[in-house]
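Novice: Here's a structure for you.
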Amino acid sequence: MGAFPTTDTAGFDTALAASVLDWWHDAGVDLLVEEEPRDWTAAEPVRPLSYAPPPAPNAAPGIVAEPPVQPTLLPDTLEAFLAWRLSDAAPEADWDGVSLAATGPNDAALMILVDCPDRDDGDAGRILSGASGRLFDRMLAAIGQSRETVHIASVCARRPLAGRAPAGLETRLAEIARHHVGLIAPRGLLLLGNAASRAVLGTELTSARGHSHDVDHKDGKSRAVASFHPRFLIEKPMAKAESWKDLQMLMGDMRA
């Protein structure tokens, strides 16, 4: 189970800690575990139900209740959406680092969605750089694709702390990711990593893998396949065989 050496932790630093968290997150483990032992078979304590009465009607004639707050509407053209994604209005605008734009043709038949930029992507100026990017390029070449033929985007435009989005923003970022997919309307959609699977399919990578999924949008539907992020494959090379099966399924769906 050890994701990092336990014999000497004196040199353990925050970068290594973030790398460990990334590894487990890509494996689909994204829940905290309590430090103290707990009897999971014990019955849950009975908690009293709380009840909030519905809001009262206007207290007096002429007083109008305030309307509910509506979520910010997303731009309905791809050009406007991509500009908004990098603006101060985006949910990640106050995070550290830089926002990275989606790349590739806007009418690509294949779209790739990852969780977030890697630590070195900001300096490189593109999503999927470094060792992960080199492996990703080989994966594309194996299915007859390249960065010039696919549209690449991430759920988070900037890298969040420890490589995972704050829980309070997951729903909004998922909505944005699905809107992006709808604007591209690709024939095939490859979701790399657990966060991408959750955002688009609403399910964990471990459950989503091995099947193709229909993703509905205003211009029809895309066939989606979820697989491992290249950074996970670098840490766990034995998973490459399963990843290849996922890529074959994706290309079979696109040819159908």
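By convention here, the chains of the structure tokens are called A, B, ... in the order presented, each chain's residues are numbered starting at 1, and ligands are numbered starting at 1 in the order presented.
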Please, which residues in segment 67-137 of chain A fall within 9 Å of segment 181-201 of chain A when counting only C-alpha atoms, and what is the closest atom pair and distance in Å to one decimal for each, ordered by chain then residue number, as CSV?
Specialist:
residue,atom,partner,partner_atom,distance
A:Asp76,CA,A:Leu183,CA,7.7
A:Thr77,CA,A:Leu183,CA,7.0
A:Leu78,CA,A:Leu183,CA,5.8
A:Phe81,CA,A:Leu183,CA,8.7
A:Asn106,CA,A:Ile184,CA,6.0
A:Asp107,CA,A:Ile184,CA,6.1
A:Ala108,CA,A:Pro186,CA,6.2
A:Ala109,CA,A:Pro186,CA,4.7
A:Leu110,CA,A:Gly188,CA,4.7
A:Met111,CA,A:Leu189,CA,4.9
A:Ile112,CA,A:Leu190,CA,4.8
A:Leu113,CA,A:Leu191,CA,5.0
A:Val114,CA,A:Leu192,CA,5.0
A:Asp115,CA,A:Ala196,CA,5.2
A:Cys116,CA,A:Ala195,CA,8.6
Novice: Let me see the file: selected residues, C-alpha atoms, as a CSV table (one decimal), in the first residue's frame.
Specialist:
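Full text of again.csv as output:
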chain,number,residue,atom,x,y,z
A,76,ASP,CA,-22.9,30.0,-25.8
A,77,THR,CA,-20.2,30.4,-28.5
A,78,LEU,CA,-16.9,28.6,-28.3
A,81,PHE,CA,-16.4,30.5,-23.8
A,106,ASN,CA,-12.4,23.5,-32.5
A,107,ASP,CA,-14.1,21.0,-34.8
A,108,ALA,CA,-12.0,18.0,-33.7
A,109,ALA,CA,-13.7,14.6,-34.0
A,110,LEU,CA,-11.9,13.6,-30.8
A,111,MET,CA,-11.7,15.6,-27.5
A,112,ILE,CA,-9.4,14.8,-24.6
A,113,LEU,CA,-10.3,16.0,-21.1
A,114,VAL,CA,-7.9,15.7,-18.1
A,115,ASP,CA,-8.3,16.8,-14.5
A,116,CYS,CA,-6.0,19.8,-14.3
Novice: Quick one: pick out all helix (DSSP H, G or I) residues within segment 73-229 of chain A from a backbone DSSP run and write them as a PyMOL selection string.
Specialist: chain A and resi 78-85+121-124+130-142+161-163+167-184+194-201+205-208
Novice: With 12 Å as the cut-off and only C-alpha atoms counted, what is the closest atom pair between each nearby residue of segment 203-246 of chain A and segment 120-130 of chain A? Distances in Å to one decimal, ordered by chain and number, as a tab-separated table.
Specialist:
residue	atom	partner	partner_atom	distance
A:His229	CA	A:Leu128	CA	9.9
A:Pro230	CA	A:Leu128	CA	8.7
A:Arg231	CA	A:Leu128	CA	9.4
A:Ile234	CA	A:Gly130	CA	11.6
Novice: Between A:Ala256, A:Ala89, A:Ala102, A:Ala80, which is the closest to Ile152 of chain A once you count only C-alpha atoms?
Specialist: A:Ala102
Novice: Run DSSP on the backbone and give me the residues of segment 54-241 of chain A it puts in strand (DSSP E), as a list in words.
Specialist: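 Restricting segment 54-241 of chain A to strand (DSSP E) produces Leu110, Met111, Ile112, Leu113, Val114, Val150, His151, Ile152, Ala153, Ser154, Gly188, Leu189, Leu190, Leu191, Leu192, Ser212, His213, Asp214, Val215, Asp216, His217, Gly220, Lys221, Ser222, Arg223, Ala224, Val225, Ala226 and Ser227 of chain A.
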Novice: Save the residues we just selected, N, CA and C atoms, as a JSON list (two decimals), in the first residue's frame?
Specialist:
[["chain", "number", "residue", "atom", "x", "y", "z"],
["A", 110, "LEU", "N", -12.22, 14.17, -32.04],
["A", 110, "LEU", "CA", -11.86, 13.58, -30.76],
["A", 110, "LEU", "C", -11.46, 14.69, -29.79],
["A", 111, "MET", "N", -12.05, 14.67, -28.61],
["A", 111, "MET", "CA", -11.72, 15.61, -27.54],
["A", 111, "MET", "C", -11.13, 14.83, -26.37],
["A", 112, "ILE", "N", -10.09, 15.38, -25.77],
["A", 112, "ILE", "CA", -9.45, 14.78, -24.60],
["A", 112, "ILE", "C", -9.65, 15.72, -23.42],
["A", 113, "LEU", "N", -10.13, 15.18, -22.31],
["A", 113, "LEU", "CA", -10.33, 15.98, -21.10],
["A", 113, "LEU", "C", -9.54, 15.37, -19.96],
["A", 114, "VAL", "N", -8.70, 16.18, -19.31],
["A", 114, "VAL", "CA", -7.94, 15.74, -18.14],
["A", 114, "VAL", "C", -8.44, 16.51, -16.92],
["A", 150, "VAL", "N", -6.59, 16.68, -32.27],
["A", 150, "VAL", "CA", -7.53, 16.50, -31.16],
["A", 150, "VAL", "C", -7.67, 17.81, -30.37],
["A", 151, "HIS", "N", -8.80, 17.97, -29.70],
["A", 151, "HIS", "CA", -9.04, 19.13, -28.84],
["A", 151, "HIS", "C", -8.75, 18.70, -27.41],
["A", 152, "ILE", "N", -7.82, 19.39, -26.75],
["A", 152, "ILE", "CA", -7.37, 19.02, -25.40],
["A", 152, "ILE", "C", -7.78, 20.10, -24.42],
["A", 153, "ALA", "N", -8.42, 19.71, -23.33],
["A", 153, "ALA", "CA", -8.86, 20.66, -22.31],
["A", 153, "ALA", "C", -8.75, 20.00, -20.94],
["A", 154, "SER", "N", -8.92, 20.80, -19.89],
["A", 154, "SER", "CA", -8.88, 20.27, -18.53],
["A", 154, "SER", "C", -10.07, 20.78, -17.73],
["A", 188, "GLY", "N", -15.92, 11.50, -30.50],
["A", 188, "GLY", "CA", -15.38, 10.70, -29.40],
["A", 188, "GLY", "C", -14.83, 11.60, -28.31],
["A", 189, "LEU", "N", -14.90, 11.12, -27.05],
["A", 189, "LEU", "CA", -14.43, 11.89, -25.90],
["A", 189, "LEU", "C", -13.63, 10.95, -25.01],
["A", 190, "LEU", "N", -12.36, 11.28, -24.79],
["A", 190, "LEU", "CA", -11.49, 10.49, -23.93],
["A", 190, "LEU", "C", -11.29, 11.23, -22.61],
["A", 191, "LEU", "N", -11.70, 10.61, -21.51],
["A", 191, "LEU", "CA", -11.61, 11.20, -20.18],
["A", 191, "LEU", "C", -10.45, 10.56, -19.45],
["A", 192, "LEU", "N", -9.41, 11.34, -19.17],
["A", 192, "LEU", "CA", -8.20, 10.80, -18.55],
["A", 192, "LEU", "C", -8.15, 11.18, -17.08],
["A", 212, "SER", "N", -18.19, 2.13, -22.86],
["A", 212, "SER", "CA", -18.34, 3.42, -23.51],
["A", 212, "SER", "C", -19.66, 4.02, -23.07],
["A", 213, "HIS", "N", -19.71, 5.34, -23.04],
["A", 213, "HIS", "CA", -20.85, 6.06, -22.47],
["A", 213, "HIS", "C", -21.35, 7.10, -23.46],
["A", 214, "ASP", "N", -22.64, 7.28, -23.54],
["A", 214, "ASP", "CA", -23.22, 8.36, -24.32],
["A", 214, "ASP", "C", -23.25, 9.64, -23.49],
["A", 215, "VAL", "N", -22.72, 10.72, -24.03],
["A", 215, "VAL", "CA", -22.77, 12.03, -23.38],
["A", 215, "VAL", "C", -23.64, 12.92, -24.26],
["A", 216, "ASP", "N", -24.81, 13.27, -23.77],
["A", 216, "ASP", "CA", -25.75, 14.08, -24.54],
["A", 216, "ASP", "C", -25.40, 15.56, -24.44],
["A", 217, "HIS", "N", -25.60, 16.28, -25.54],
["A", 217, "HIS", "CA", -25.43, 17.74, -25.55],
["A", 217, "HIS", "C", -26.37, 18.30, -26.62],
["A", 220, "GLY", "N", -26.35, 16.82, -30.17],
["A", 220, "GLY", "CA", -26.40, 15.36, -30.31],
["A", 220, "GLY", "C", -25.77, 14.66, -29.13],
["A", 221, "LYS", "N", -24.87, 13.73, -29.40],
["A", 221, "LYS", "CA", -24.20, 13.01, -28.33],
["A", 221, "LYS", "C", -22.79, 12.62, -28.75],
["A", 222, "SER", "N", -21.94, 12.44, -27.76],
["A", 222, "SER", "CA", -20.58, 11.97, -27.98],
["A", 222, "SER", "C", -20.42, 10.64, -27.26],
["A", 223, "ARG", "N", -19.55, 9.78, -27.81],
["A", 223, "ARG", "CA", -19.24, 8.51, -27.17],
["A", 223, "ARG", "C", -17.99, 8.71, -26.32],
["A", 224, "ALA", "N", -18.12, 8.48, -25.03],
["A", 224, "ALA", "CA", -17.02, 8.75, -24.10],
["A", 224, "ALA", "C", -16.44, 7.46, -23.54],
["A", 225, "VAL", "N", -15.12, 7.47, -23.39],
["A", 225, "VAL", "CA", -14.40, 6.37, -22.75],
["A", 225, "VAL", "C", -13.50, 6.98, -21.69],
["A", 226, "ALA", "N", -13.52, 6.39, -20.50],
["A", 226, "ALA", "CA", -12.68, 6.87, -19.40],
["A", 226, "ALA", "C", -11.47, 5.95, -19.25],
["A", 227, "SER", "N", -10.31, 6.55, -19.01],
["A", 227, "SER", "CA", -9.09, 5.76, -18.85],
["A", 227, "SER", "C", -8.15, 6.45, -17.89]]
Novice: How many Å lie between atom CA of Pro160 of chain A and atom CA of Trp95 of chain A, rounded to one decimal?
Specialist: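 Computing the Euclidean distance for atom CA of Pro160 of chain A and atom CA of Trp95 of chain A yields 6.8 Å.
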Novice: I'd like the contact shell of Met249 of chain A - 9 Å cut-off, only C-alpha atoms, skipping same-chain residues fewer than 2 positions apart - returned as a list in words.
Specialist: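 Here the qualifying residues turn out to be Gly210, His211, Ser212, Val225, Trp244, Lys245, Asp246, Leu247, Met251, Gly252, Asp253 and Met254 of chain A.
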Novice: In terms of the shortest atom-to-atom distance over only C-alpha atoms, which of A:Thr206, A:Phe232, A:Gln248, A:Pro237 is closest to Ser132 of chain A?
Specialist: A:Phe232
Novice: Between A:Cys156, A:Leu140, A:Ala239, A:Leu86, single out the one closest to Thr171 of chain A, counting only C-alpha atoms.
Specialist: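 Under the stated criterion, the closest residue is A:Cys156.
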Novice: So the first atom is atom CA of Trp84 of chain A and the second is atom CA of Pro117 of chain A; what is the distance between them in Å, to one decimal place?
Specialist: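 Computed distance, atom CA of Trp84 of chain A to atom CA of Pro117 of chain A, equals 17.8 Å.
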Novice: One decimal, in Å: what's the spacing between atom CA of Ser146 of chain A and atom CA of Thr103 of chain A?
Specialist: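 Separating atom CA of Ser146 of chain A from atom CA of Thr103 of chain A is a distance of 11.5 Å.
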Novice: Using only C-alpha atoms for the distances, tell me which of A:Leu74, A:Ile143, A:Arg158, A:Arg119 is nearest to Asp94 of chain A.
Specialist: A:Arg158
